[in-house]
Amino acid sequence: MDKLLIRGGRRLSGEVRISGAKNAALPELCAALLTEDTVELSNVPHLQDVATMLKLIRNMGVAVEQHEDGRVAVNARALSKPEAPYELVKTMRASVLALGPLLARFGHATVSLPGGCAIGSRPVDQHIKGLQAMGAQIVVEHGYMVARLPEGRTRLRGAHITTDMVTVTGTENFLMAAALAEGETVLENAAQEPEIPDLAEMLIAMGARIHGHGTRRIVIEGVERLHGCKHAVVADRIEAGTFLCAVAATGGDVLLQGARADHLDAVIEKLRDAGARVQAVEGGVRVQADAPAYEFLRAQNFRTTEYPGFPTDMQAQFMALNCISQGASKVTETIFENRFMHVNELMRLGARIQIDGKVALIEGAPRLSGATVMATDLRASASLVIAGLVADGETLVDRVYHLDRGYDRMETKLRGIGADIERVKA
Ligand SMILES: CC(=O)N[C@H]1[C@@H](OP(=O)(O)OP(=O)(O)OC[C@H]2O[C@@H](n3ccc(=O)[nH]c3=O)[C@H](O)[C@@H]2O)O[C@H](CO)[C@@H](O)[C@@H]1O
Ligand SMILES: C=C(OP(=O)(O)O)C(=O)O
């Protein structure tokens, strides 16, 4: 199992290119299943979840060509097995995104319930309810969602779907299913995360009729057939936010090429309130911090909520920053019930944190000291890397396969801006 060895205390400076978003690339690879034509995505990040998704769709009989420069061509004409087996999906929540497109195009699909995850129970009841409202018959048996259309029907039908909570992949599944359904679908309480309009734009380029994406109410007029398209995956706002926190933590001056400041308003506002300088500039976002966080940043209270609120996927990284900023802070996690797994590990580095239910109370420490720590999930890993970059001495982050699920060559990018970090092969 690979580990990351970090020697803390280096200032970060220079330029780093932000990759395409994991959480856009994954649904967009599934959207390519909706047509027999070739779909060409560009700016697809190199990361484990993308590799898993490509393996999954190849296993269905889909032709995939992946290029080193981030282009991926997908042709699902010969898709013969509309199935997502447990062995291939157990590490990846996004596998549930295969359900909507497969059902819409083939009228049946068998998709494993996604594997267990450290951040919460993550049920898929809303996905099932929404697709049932569109006419699908779905049973859950032996760990699989087995979905089919009733005898005599060849297409899903449009429906009015109001989810009990805002769900990102739920909204994406409904968008894709509704694109090929008969009649109009209205999604109320839809997610507004930037990955949703990015997927909708791709579907529109494939011939879908969609309005209101990026708002809480999306209307989709189903069409009989979708065609191929070319689409560039939107920049990863969470990768960008992670680098912003890393630079604010160590001090430095870094240009994040390709990053979208307009997708990071809530995070940038907190960083500015803390005392870092963050500006949207031509071609990206620039972050400047004159000294390491413990010398001048003020810790910030925040509460995770749906977009455009503070993203849960940035909670762990910003908490790491709070741990070495001045003063006390309160972090409230409202999206996932078990997303504080990084706390114990941050404490091994000297962070002072108390958990009370959904709330973490943090007392800023003037120094962290390097230690061996264990990554427990994707963003927890990133928070440990940020802490390691400022800690005294050596930090060894174990189980970095969690990090590799969702970050594109993170240690190479960090080394490029001056961090002392290397991958240690076990
Ligand atoms: C691949 C992907 O895009 N992953 C993102 C997506 O996950 P994902 O789409 O899985 O997260 P959701 O937005 O669906 O989850 C929001 C909340 O709703 C609950 N829920 C969701 C669906 C459902 O059927 N029933 C139910 O109870 C979840 O347990 C959670 O408490 O959005 C999350 C919230 O921004 C991010 O942390 C993930 O990075
Ligand atoms: C929780 C995350 O991803 P996933 O939904 O793929 O587990 C994440 O990206 O932080």
# chains A, B, ... in the order shown; residues from 1 in each chain; ligands from 1
>>> select_by_dssp(residues="stretch 247-423 of chain A", states="strand (DSSP E or B)", output="ChimeraX atom specification")
/A:252-257,277-281,284-289,298,302-304,310,326,328-332,352-356,359-363,369,372-374,392,394-398,420-423
>>> write_last_selection(atoms="C-alpha atoms", output="compact mmCIF listing (two decimals), in the first residue's frame")
# COMPACT_ATOMS: atom_id res chain seq x y z
CA GLY A 252 3.17 31.27 -0.40
CA ASP A 253 1.96 32.56 -3.74
CA VAL A 254 0.40 30.15 -6.23
CA LEU A 255 -1.61 30.51 -9.43
CA LEU A 256 -4.17 27.75 -9.88
CA GLN A 257 -4.46 27.53 -13.65
CA ARG A 277 -5.46 36.98 -0.39
CA VAL A 278 -7.42 35.17 -3.10
CA GLN A 279 -8.23 36.73 -6.46
CA ALA A 280 -9.81 35.61 -9.70
CA VAL A 281 -7.19 36.35 -12.38
CA GLY A 284 -7.42 30.96 -12.95
CA VAL A 285 -7.21 31.88 -9.29
CA ARG A 286 -4.24 33.33 -7.41
CA VAL A 287 -3.72 32.75 -3.68
CA GLN A 288 -1.18 34.59 -1.56
CA ALA A 289 -0.37 34.21 2.11
CA ARG A 298 -7.74 33.73 11.91
CA PHE A 302 -18.38 27.34 8.96
CA ARG A 303 -21.24 24.99 8.27
CA THR A 304 -21.44 22.65 5.29
CA PHE A 310 -19.78 25.62 1.93
CA GLN A 326 -5.21 31.55 15.45
CA ALA A 328 -11.12 28.93 18.29
CA SER A 329 -13.51 27.78 15.57
CA LYS A 330 -16.63 25.73 15.14
CA VAL A 331 -17.19 23.47 12.14
CA THR A 332 -20.65 21.96 11.56
CA ARG A 352 -6.81 20.32 19.36
CA ILE A 353 -10.33 19.24 18.40
CA GLN A 354 -13.42 18.14 20.28
CA ILE A 355 -16.39 16.51 18.58
CA ASP A 356 -19.94 16.98 19.74
CA VAL A 359 -19.99 19.93 15.51
CA ALA A 360 -16.22 20.03 15.80
CA LEU A 361 -14.71 22.62 18.15
CA ILE A 362 -11.16 23.49 17.25
CA GLU A 363 -8.57 25.42 19.24
CA SER A 369 4.37 17.85 14.78
CA THR A 372 2.43 8.56 10.97
CA VAL A 373 -1.26 8.97 10.20
CA MET A 374 -3.85 6.96 8.33
CA ASP A 392 7.46 20.01 12.01
CA GLU A 394 8.16 14.07 8.83
CA THR A 395 4.55 13.04 8.33
CA LEU A 396 3.79 9.69 6.76
CA VAL A 397 0.27 9.38 5.38
CA ASP A 398 -0.75 5.74 5.08
CA ASP A 420 8.80 18.22 0.00
CA ILE A 421 6.58 15.22 -0.60
CA GLU A 422 7.21 11.80 -2.07
CA ARG A 423 5.33 8.58 -2.65
>>> residues_around(residues="A:Ala76", least_positions_apart="5", cutoff="6 Å", atoms="only C-alpha atoms", output="number ranges by chain")
A: 33, 36, 62
>>> closest_atom_pairs(of="chain A", to="ligand 1", cutoff="7 Å", atoms="only C-alpha atoms and all ligand atoms", output="CSV")
residue,atom,partner,partner_atom_place_in_ligand_line,distance
A:Asn23,CA,ligand 1,3 (O),4.2
A:Leu26,CA,ligand 1,1 (C),6.8
A:Arg93,CA,ligand 1,1 (C),6.1
A:Ala94,CA,ligand 1,1 (C),4.5
A:Gly120,CA,ligand 1,29 (O),6.6
A:Ser121,CA,ligand 1,29 (O),6.0
A:Arg122,CA,ligand 1,29 (O),3.5
A:Pro123,CA,ligand 1,25 (N),4.5
A:Val124,CA,ligand 1,24 (O),3.3
A:Asp125,CA,ligand 1,24 (O),4.0
A:Gln126,CA,ligand 1,24 (O),3.5
A:His127,CA,ligand 1,24 (O),5.0
A:Met165,CA,ligand 1,18 (O),5.9
A:Val166,CA,ligand 1,13 (O),5.9
A:Thr167,CA,ligand 1,13 (O),3.3
A:Val168,CA,ligand 1,13 (O),3.8
A:Thr169,CA,ligand 1,9 (O),3.6
A:Gly170,CA,ligand 1,14 (O),5.7
A:Glu306,CA,ligand 1,35 (O),6.2
A:Pro311,CA,ligand 1,35 (O),6.3
A:Thr312,CA,ligand 1,37 (O),5.6
A:Asp313,CA,ligand 1,37 (O),5.1
A:Ile335,CA,ligand 1,31 (O),4.7
A:Phe336,CA,ligand 1,31 (O),4.6
A:Glu337,CA,ligand 1,31 (O),6.9
>>> residues_around(residues="A:Glu172", least_positions_apart="5", cutoff="10 Å", atoms="only C-alpha atoms", output="list in words")
Ala24, Pro27, Glu28, Cys30, Ala31, Leu97, Gly100, Pro101, His127, Thr167, Ala177, Ala178, Ala190, Ala191, Glu195, Ile196, Pro197, Leu199 and Ala200 of chain A
>>> closest_residue(among="A:Glu411, A:Lys270, A:Pro114, A:His108", to="A:Val139", atoms="only C-alpha atoms")
A:His108
>>> residues_around(residues="A:Pro194", least_positions_apart="2", cutoff="10 Å", atoms="only C-alpha atoms", output="PyMOL selection string")
chain A and resi 21+23-24+191-192+196-199+213-214+234-237+262-264+307-308
>>> select_by_dssp(residues="stretch 34-115 of chain A", states="alpha helix (DSSP H)", output="list in words")
Gln48, Asp49, Val50, Ala51, Thr52, Met53, Leu54, Lys55, Leu56, Ile57, Arg58, Asn59, Tyr86, Glu87, Leu88, Val89, Leu99, Gly100, Pro101, Leu102, Leu103, Ala104, Arg105 and Phe106 of chain A
>>> closest_residue(among="A:Val74, A:Leu203, A:Met314, A:Leu79", to="ligand 2", atoms="only C-alpha atoms and all ligand atoms")
A:Met314
>>> closest_residue(among="A:Ala159, A:Leu54, A:Val111, A:Leu131", to="A:Glu182", atoms="only C-alpha atoms")
A:Ala159
>>> closest_residue(among="A:Ala25, A:Leu271, A:Ala419, A:Ala249", to="ligand 2", atoms="only C-alpha atoms and all ligand atoms")
A:Ala25
>>> residues_around(residues="stretch 365-367 of chain A", least_positions_apart="5", cutoff="7 Å", atoms="only C-alpha atoms", output="ChimeraX atom specification")
/A:294,323-325,351-352,391
>>> write_last_selection(atoms="N, CA and C atoms", output="short mmCIF file (atom, residue, chain, number, x, y, z; two decimals), in the first residue's frame")
data_model
loop_
_atom_site.label_atom_id
_atom_site.label_comp_id
_atom_site.auth_asym_id
_atom_site.auth_seq_id
_atom_site.Cartn_x
_atom_site.Cartn_y
_atom_site.Cartn_z
N TYR A 294 -0.25 29.73 11.16
CA TYR A 294 -0.22 29.96 12.61
C TYR A 294 0.33 31.34 12.96
N CYS A 323 -7.00 24.20 12.26
CA CYS A 323 -6.20 23.61 13.34
C CYS A 323 -4.90 24.38 13.58
N ILE A 324 -4.41 25.03 12.52
CA ILE A 324 -3.14 25.76 12.69
C ILE A 324 -3.32 27.26 12.49
N SER A 325 -4.58 27.72 12.57
CA SER A 325 -4.83 29.17 12.53
C SER A 325 -5.02 29.67 13.95
N ALA A 351 -3.23 18.51 16.65
CA ALA A 351 -4.39 19.40 16.55
C ALA A 351 -5.25 19.24 17.81
N ARG A 352 -5.95 20.36 18.16
CA ARG A 352 -6.81 20.32 19.36
C ARG A 352 -8.26 20.42 18.90
N ALA A 391 3.43 20.73 9.36
CA ALA A 391 3.92 20.12 10.61
C ALA A 391 5.45 20.12 10.65
#
>>> residues_around(residues="A:Ala181", least_positions_apart="6", cutoff="6 Å", atoms="only C-alpha atoms", output="count of residues only")
5
>>> closest_residue(among="A:Pro45, A:Gly70, A:Gly228, A:Gly115", to="ligand 2", atoms="only C-alpha atoms and all ligand atoms")
A:Gly115
>>> closest_residue(among="A:Ile57, A:Ala136, A:Ile119, A:Ala98", to="ligand 2", atoms="only C-alpha atoms and all ligand atoms")
A:Ile119
>>> residues_around(residues="A:Asp273", least_positions_apart="5", cutoff="10 Å", atoms="only C-alpha atoms", output="ChimeraX atom specification")
/A:267-268,297-300
>>> write_last_selection(atoms="C-alpha atoms", output="PDB file, in the first residue's frame")
ATOM      1  CA  VAL A 267     -14.557  28.761   0.381  1.00  0.00           C
ATOM      2  CA  ILE A 268     -12.865  31.877  -0.972  1.00  0.00           C
ATOM      3  CA  LEU A 297      -4.578  33.515   9.821  1.00  0.00           C
ATOM      4  CA  ARG A 298      -7.740  33.734  11.913  1.00  0.00           C
ATOM      5  CA  ALA A 299      -9.669  30.465  12.295  1.00  0.00           C
ATOM      6  CA  GLN A 300     -13.168  30.520  10.739  1.00  0.00           C
TER       7      GLN A 300
END
>>> decode(residues="stretch 29-180 of chain A", atoms="C-alpha atoms", output="PDB file, in the first residue's frame")
ATOM      1  CA  LEU A  29     -18.887   8.954 -18.672  1.00  0.00           C
ATOM      2  CA  CYS A  30     -22.267   7.449 -17.719  1.00  0.00           C
ATOM      3  CA  ALA A  31     -24.093   9.923 -19.971  1.00  0.00           C
ATOM      4  CA  ALA A  32     -22.100   8.499 -22.885  1.00  0.00           C
ATOM      5  CA  LEU A  33     -24.074   5.262 -22.366  1.00  0.00           C
ATOM      6  CA  LEU A  34     -27.224   7.057 -23.565  1.00  0.00           C
ATOM      7  CA  THR A  35     -26.208   6.993 -27.227  1.00  0.00           C
ATOM      8  CA  GLU A  36     -24.864   4.622 -29.874  1.00  0.00           C
ATOM      9  CA  ASP A  37     -22.632   7.406 -31.206  1.00  0.00           C
ATOM     10  CA  THR A  38     -19.149   8.289 -30.004  1.00  0.00           C
ATOM     11  CA  VAL A  39     -18.856  10.799 -27.184  1.00  0.00           C
ATOM     12  CA  GLU A  40     -15.519  12.519 -26.800  1.00  0.00           C
ATOM     13  CA  LEU A  41     -14.739  13.979 -23.405  1.00  0.00           C
ATOM     14  CA  SER A  42     -11.673  16.109 -22.775  1.00  0.00           C
ATOM     15  CA  ASN A  43     -10.057  17.330 -19.541  1.00  0.00           C
ATOM     16  CA  VAL A  44     -10.837  13.966 -17.915  1.00  0.00           C
ATOM     17  CA  PRO A  45      -8.689  13.690 -14.770  1.00  0.00           C
ATOM     18  CA  HIS A  46      -6.238  10.828 -14.213  1.00  0.00           C
ATOM     19  CA  LEU A  47      -7.533   9.236 -11.074  1.00  0.00           C
ATOM     20  CA  GLN A  48      -8.621   5.907  -9.700  1.00  0.00           C
ATOM     21  CA  ASP A  49     -12.386   6.505  -9.787  1.00  0.00           C
ATOM     22  CA  VAL A  50     -12.168   7.330 -13.498  1.00  0.00           C
ATOM     23  CA  ALA A  51     -10.138   4.147 -14.081  1.00  0.00           C
ATOM     24  CA  THR A  52     -12.790   2.190 -12.160  1.00  0.00           C
ATOM     25  CA  MET A  53     -15.617   3.773 -14.161  1.00  0.00           C
ATOM     26  CA  LEU A  54     -13.838   2.978 -17.449  1.00  0.00           C
ATOM     27  CA  LYS A  55     -13.364  -0.620 -16.314  1.00  0.00           C
ATOM     28  CA  LEU A  56     -17.036  -0.786 -15.399  1.00  0.00           C
ATOM     29  CA  ILE A  57     -18.311   0.456 -18.755  1.00  0.00           C
ATOM     30  CA  ARG A  58     -15.798  -1.672 -20.704  1.00  0.00           C
ATOM     31  CA  ASN A  59     -17.173  -4.647 -18.787  1.00  0.00           C
ATOM     32  CA  MET A  60     -20.611  -3.759 -20.215  1.00  0.00           C
ATOM     33  CA  GLY A  61     -19.198  -4.049 -23.735  1.00  0.00           C
ATOM     34  CA  VAL A  62     -18.479  -0.348 -24.313  1.00  0.00           C
ATOM     35  CA  ALA A  63     -15.494   0.692 -26.464  1.00  0.00           C
ATOM     36  CA  VAL A  64     -13.230   3.169 -24.669  1.00  0.00           C
ATOM     37  CA  GLU A  65     -10.120   4.967 -25.922  1.00  0.00           C
ATOM     38  CA  GLN A  66      -8.237   6.881 -23.253  1.00  0.00           C
ATOM     39  CA  HIS A  67      -5.497   9.317 -24.241  1.00  0.00           C
ATOM     40  CA  GLU A  68      -2.680  10.646 -22.075  1.00  0.00           C
ATOM     41  CA  ASP A  69      -3.791  14.257 -22.701  1.00  0.00           C
ATOM     42  CA  GLY A  70      -7.118  13.738 -20.893  1.00  0.00           C
ATOM     43  CA  ARG A  71      -9.314  12.880 -23.884  1.00  0.00           C
ATOM     44  CA  VAL A  72     -11.531   9.845 -23.564  1.00  0.00           C
ATOM     45  CA  ALA A  73     -13.647   8.569 -26.466  1.00  0.00           C
ATOM     46  CA  VAL A  74     -16.563   6.349 -25.497  1.00  0.00           C
ATOM     47  CA  ASN A  75     -18.738   4.350 -27.867  1.00  0.00           C
ATOM     48  CA  ALA A  76     -21.594   2.399 -26.293  1.00  0.00           C
ATOM     49  CA  ARG A  77     -23.107   0.998 -29.527  1.00  0.00           C
ATOM     50  CA  ALA A  78     -22.127  -2.571 -28.635  1.00  0.00           C
ATOM     51  CA  LEU A  79     -23.135  -2.321 -24.975  1.00  0.00           C
ATOM     52  CA  SER A  80     -24.504  -5.821 -24.315  1.00  0.00           C
ATOM     53  CA  LYS A  81     -24.513  -6.175 -20.517  1.00  0.00           C
ATOM     54  CA  PRO A  82     -26.365  -3.325 -18.745  1.00  0.00           C
ATOM     55  CA  GLU A  83     -24.917  -4.414 -15.427  1.00  0.00           C
ATOM     56  CA  ALA A  84     -22.661  -3.006 -12.722  1.00  0.00           C
ATOM     57  CA  PRO A  85     -21.280  -5.887 -10.634  1.00  0.00           C
ATOM     58  CA  TYR A  86     -20.342  -5.428  -6.978  1.00  0.00           C
ATOM     59  CA  GLU A  87     -16.664  -6.314  -7.530  1.00  0.00           C
ATOM     60  CA  LEU A  88     -16.321  -3.288  -9.814  1.00  0.00           C
ATOM     61  CA  VAL A  89     -18.402  -0.777  -7.871  1.00  0.00           C
ATOM     62  CA  LYS A  90     -17.564  -1.523  -4.264  1.00  0.00           C
ATOM     63  CA  THR A  91     -15.027   1.294  -4.025  1.00  0.00           C
ATOM     64  CA  MET A  92     -17.019   3.921  -5.875  1.00  0.00           C
ATOM     65  CA  ARG A  93     -20.269   5.630  -4.955  1.00  0.00           C
ATOM     66  CA  ALA A  94     -20.650   7.092  -8.451  1.00  0.00           C
ATOM     67  CA  SER A  95     -21.415   3.660  -9.911  1.00  0.00           C
ATOM     68  CA  VAL A  96     -25.065   4.362  -9.024  1.00  0.00           C
ATOM     69  CA  LEU A  97     -24.970   6.826 -11.946  1.00  0.00           C
ATOM     70  CA  ALA A  98     -25.070   3.923 -14.389  1.00  0.00           C
ATOM     71  CA  LEU A  99     -28.651   3.132 -13.356  1.00  0.00           C
ATOM     72  CA  GLY A 100     -30.512   6.057 -14.970  1.00  0.00           C
ATOM     73  CA  PRO A 101     -28.825   5.918 -18.402  1.00  0.00           C
ATOM     74  CA  LEU A 102     -28.939   2.095 -18.694  1.00  0.00           C
ATOM     75  CA  LEU A 103     -32.598   1.971 -17.780  1.00  0.00           C
ATOM     76  CA  ALA A 104     -33.446   4.815 -20.155  1.00  0.00           C
ATOM     77  CA  ARG A 105     -31.689   3.268 -23.135  1.00  0.00           C
ATOM     78  CA  PHE A 106     -32.196  -0.477 -22.616  1.00  0.00           C
ATOM     79  CA  GLY A 107     -35.319  -0.661 -20.453  1.00  0.00           C
ATOM     80  CA  HIS A 108     -33.534  -2.789 -17.881  1.00  0.00           C
ATOM     81  CA  ALA A 109     -30.420  -2.620 -15.687  1.00  0.00           C
ATOM     82  CA  THR A 110     -28.852  -4.422 -12.759  1.00  0.00           C
ATOM     83  CA  VAL A 111     -26.624  -2.220 -10.630  1.00  0.00           C
ATOM     84  CA  SER A 112     -24.987  -3.170  -7.361  1.00  0.00           C
ATOM     85  CA  LEU A 113     -25.731  -0.990  -4.365  1.00  0.00           C
ATOM     86  CA  PRO A 114     -22.607   1.113  -3.930  1.00  0.00           C
ATOM     87  CA  GLY A 115     -20.055  -0.217  -1.436  1.00  0.00           C
ATOM     88  CA  GLY A 116     -19.723   0.917   2.149  1.00  0.00           C
ATOM     89  CA  CYS A 117     -18.150   4.294   2.713  1.00  0.00           C
ATOM     90  CA  ALA A 118     -16.540   5.854   5.717  1.00  0.00           C
ATOM     91  CA  ILE A 119     -18.455   9.164   5.624  1.00  0.00           C
ATOM     92  CA  GLY A 120     -22.006   7.954   6.287  1.00  0.00           C
ATOM     93  CA  SER A 121     -24.648   5.427   5.336  1.00  0.00           C
ATOM     94  CA  ARG A 122     -25.450   7.077   1.972  1.00  0.00           C
ATOM     95  CA  PRO A 123     -28.725   5.384   0.992  1.00  0.00           C
ATOM     96  CA  VAL A 124     -30.027   5.467  -2.606  1.00  0.00           C
ATOM     97  CA  ASP A 125     -33.742   5.491  -1.761  1.00  0.00           C
ATOM     98  CA  GLN A 126     -34.298   8.810  -3.572  1.00  0.00           C
ATOM     99  CA  HIS A 127     -32.758   7.475  -6.794  1.00  0.00           C
ATOM    100  CA  ILE A 128     -35.063   4.464  -6.630  1.00  0.00           C
ATOM    101  CA  LYS A 129     -38.175   6.494  -5.793  1.00  0.00           C
ATOM    102  CA  GLY A 130     -37.547   8.981  -8.596  1.00  0.00           C
ATOM    103  CA  LEU A 131     -36.979   6.300 -11.237  1.00  0.00           C
ATOM    104  CA  GLN A 132     -40.069   4.460 -10.005  1.00  0.00           C
ATOM    105  CA  ALA A 133     -42.054   7.665 -10.484  1.00  0.00           C
ATOM    106  CA  MET A 134     -40.826   7.540 -14.100  1.00  0.00           C
ATOM    107  CA  GLY A 135     -42.388   4.105 -14.496  1.00  0.00           C
ATOM    108  CA  ALA A 136     -39.505   1.784 -13.627  1.00  0.00           C
ATOM    109  CA  GLN A 137     -40.057  -1.339 -11.556  1.00  0.00           C
ATOM    110  CA  ILE A 138     -37.132  -1.669  -9.163  1.00  0.00           C
ATOM    111  CA  VAL A 139     -36.432  -4.320  -6.579  1.00  0.00           C
ATOM    112  CA  VAL A 140     -33.408  -4.574  -4.355  1.00  0.00           C
ATOM    113  CA  GLU A 141     -32.230  -8.163  -4.057  1.00  0.00           C
ATOM    114  CA  HIS A 142     -28.932  -9.796  -3.144  1.00  0.00           C
ATOM    115  CA  GLY A 143     -27.310  -6.359  -2.895  1.00  0.00           C
ATOM    116  CA  TYR A 144     -28.402  -5.298  -6.377  1.00  0.00           C
ATOM    117  CA  MET A 145     -30.938  -2.811  -7.723  1.00  0.00           C
ATOM    118  CA  VAL A 146     -32.751  -4.753 -10.412  1.00  0.00           C
ATOM    119  CA  ALA A 147     -34.692  -2.327 -12.576  1.00  0.00           C
ATOM    120  CA  ARG A 148     -36.912  -2.857 -15.593  1.00  0.00           C
ATOM    121  CA  LEU A 149     -39.764  -1.269 -17.486  1.00  0.00           C
ATOM    122  CA  PRO A 150     -43.191  -2.907 -17.288  1.00  0.00           C
ATOM    123  CA  GLU A 151     -44.201  -5.345 -20.055  1.00  0.00           C
ATOM    124  CA  GLY A 152     -45.029  -3.491 -23.259  1.00  0.00           C
ATOM    125  CA  ARG A 153     -43.197  -0.247 -22.411  1.00  0.00           C
ATOM    126  CA  THR A 154     -40.003   0.741 -24.166  1.00  0.00           C
ATOM    127  CA  ARG A 155     -39.339   4.136 -22.584  1.00  0.00           C
ATOM    128  CA  LEU A 156     -39.440   5.722 -19.154  1.00  0.00           C
ATOM    129  CA  ARG A 157     -42.105   8.386 -18.864  1.00  0.00           C
ATOM    130  CA  GLY A 158     -41.725  11.943 -17.679  1.00  0.00           C
ATOM    131  CA  ALA A 159     -42.667  12.646 -14.059  1.00  0.00           C
ATOM    132  CA  HIS A 160     -42.734  15.358 -11.417  1.00  0.00           C
ATOM    133  CA  ILE A 161     -39.997  14.451  -8.933  1.00  0.00           C
ATOM    134  CA  THR A 162     -39.488  16.204  -5.620  1.00  0.00           C
ATOM    135  CA  THR A 163     -36.697  14.634  -3.600  1.00  0.00           C
ATOM    136  CA  ASP A 164     -36.786  14.637   0.214  1.00  0.00           C
ATOM    137  CA  MET A 165     -33.348  16.257   0.289  1.00  0.00           C
ATOM    138  CA  VAL A 166     -31.023  17.769  -2.269  1.00  0.00           C
ATOM    139  CA  THR A 167     -29.084  14.925  -3.853  1.00  0.00           C
ATOM    140  CA  VAL A 168     -26.295  15.500  -6.357  1.00  0.00           C
ATOM    141  CA  THR A 169     -26.037  12.067  -7.977  1.00  0.00           C
ATOM    142  CA  GLY A 170     -29.816  11.679  -7.648  1.00  0.00           C
ATOM    143  CA  THR A 171     -30.339  14.843  -9.716  1.00  0.00           C
ATOM    144  CA  GLU A 172     -27.793  13.546 -12.242  1.00  0.00           C
ATOM    145  CA  ASN A 173     -29.472  10.149 -12.541  1.00  0.00           C
ATOM    146  CA  PHE A 174     -32.866  11.814 -13.149  1.00  0.00           C
ATOM    147  CA  LEU A 175     -31.404  14.246 -15.700  1.00  0.00           C
ATOM    148  CA  MET A 176     -29.928  11.401 -17.726  1.00  0.00           C
ATOM    149  CA  ALA A 177     -32.982   9.157 -17.443  1.00  0.00           C
ATOM    150  CA  ALA A 178     -35.383  11.995 -18.296  1.00  0.00           C
ATOM    151  CA  ALA A 179     -33.370  13.013 -21.357  1.00  0.00           C
ATOM    152  CA  LEU A 180     -34.609   9.855 -23.158  1.00  0.00           C
TER     153      LEU A 180
END
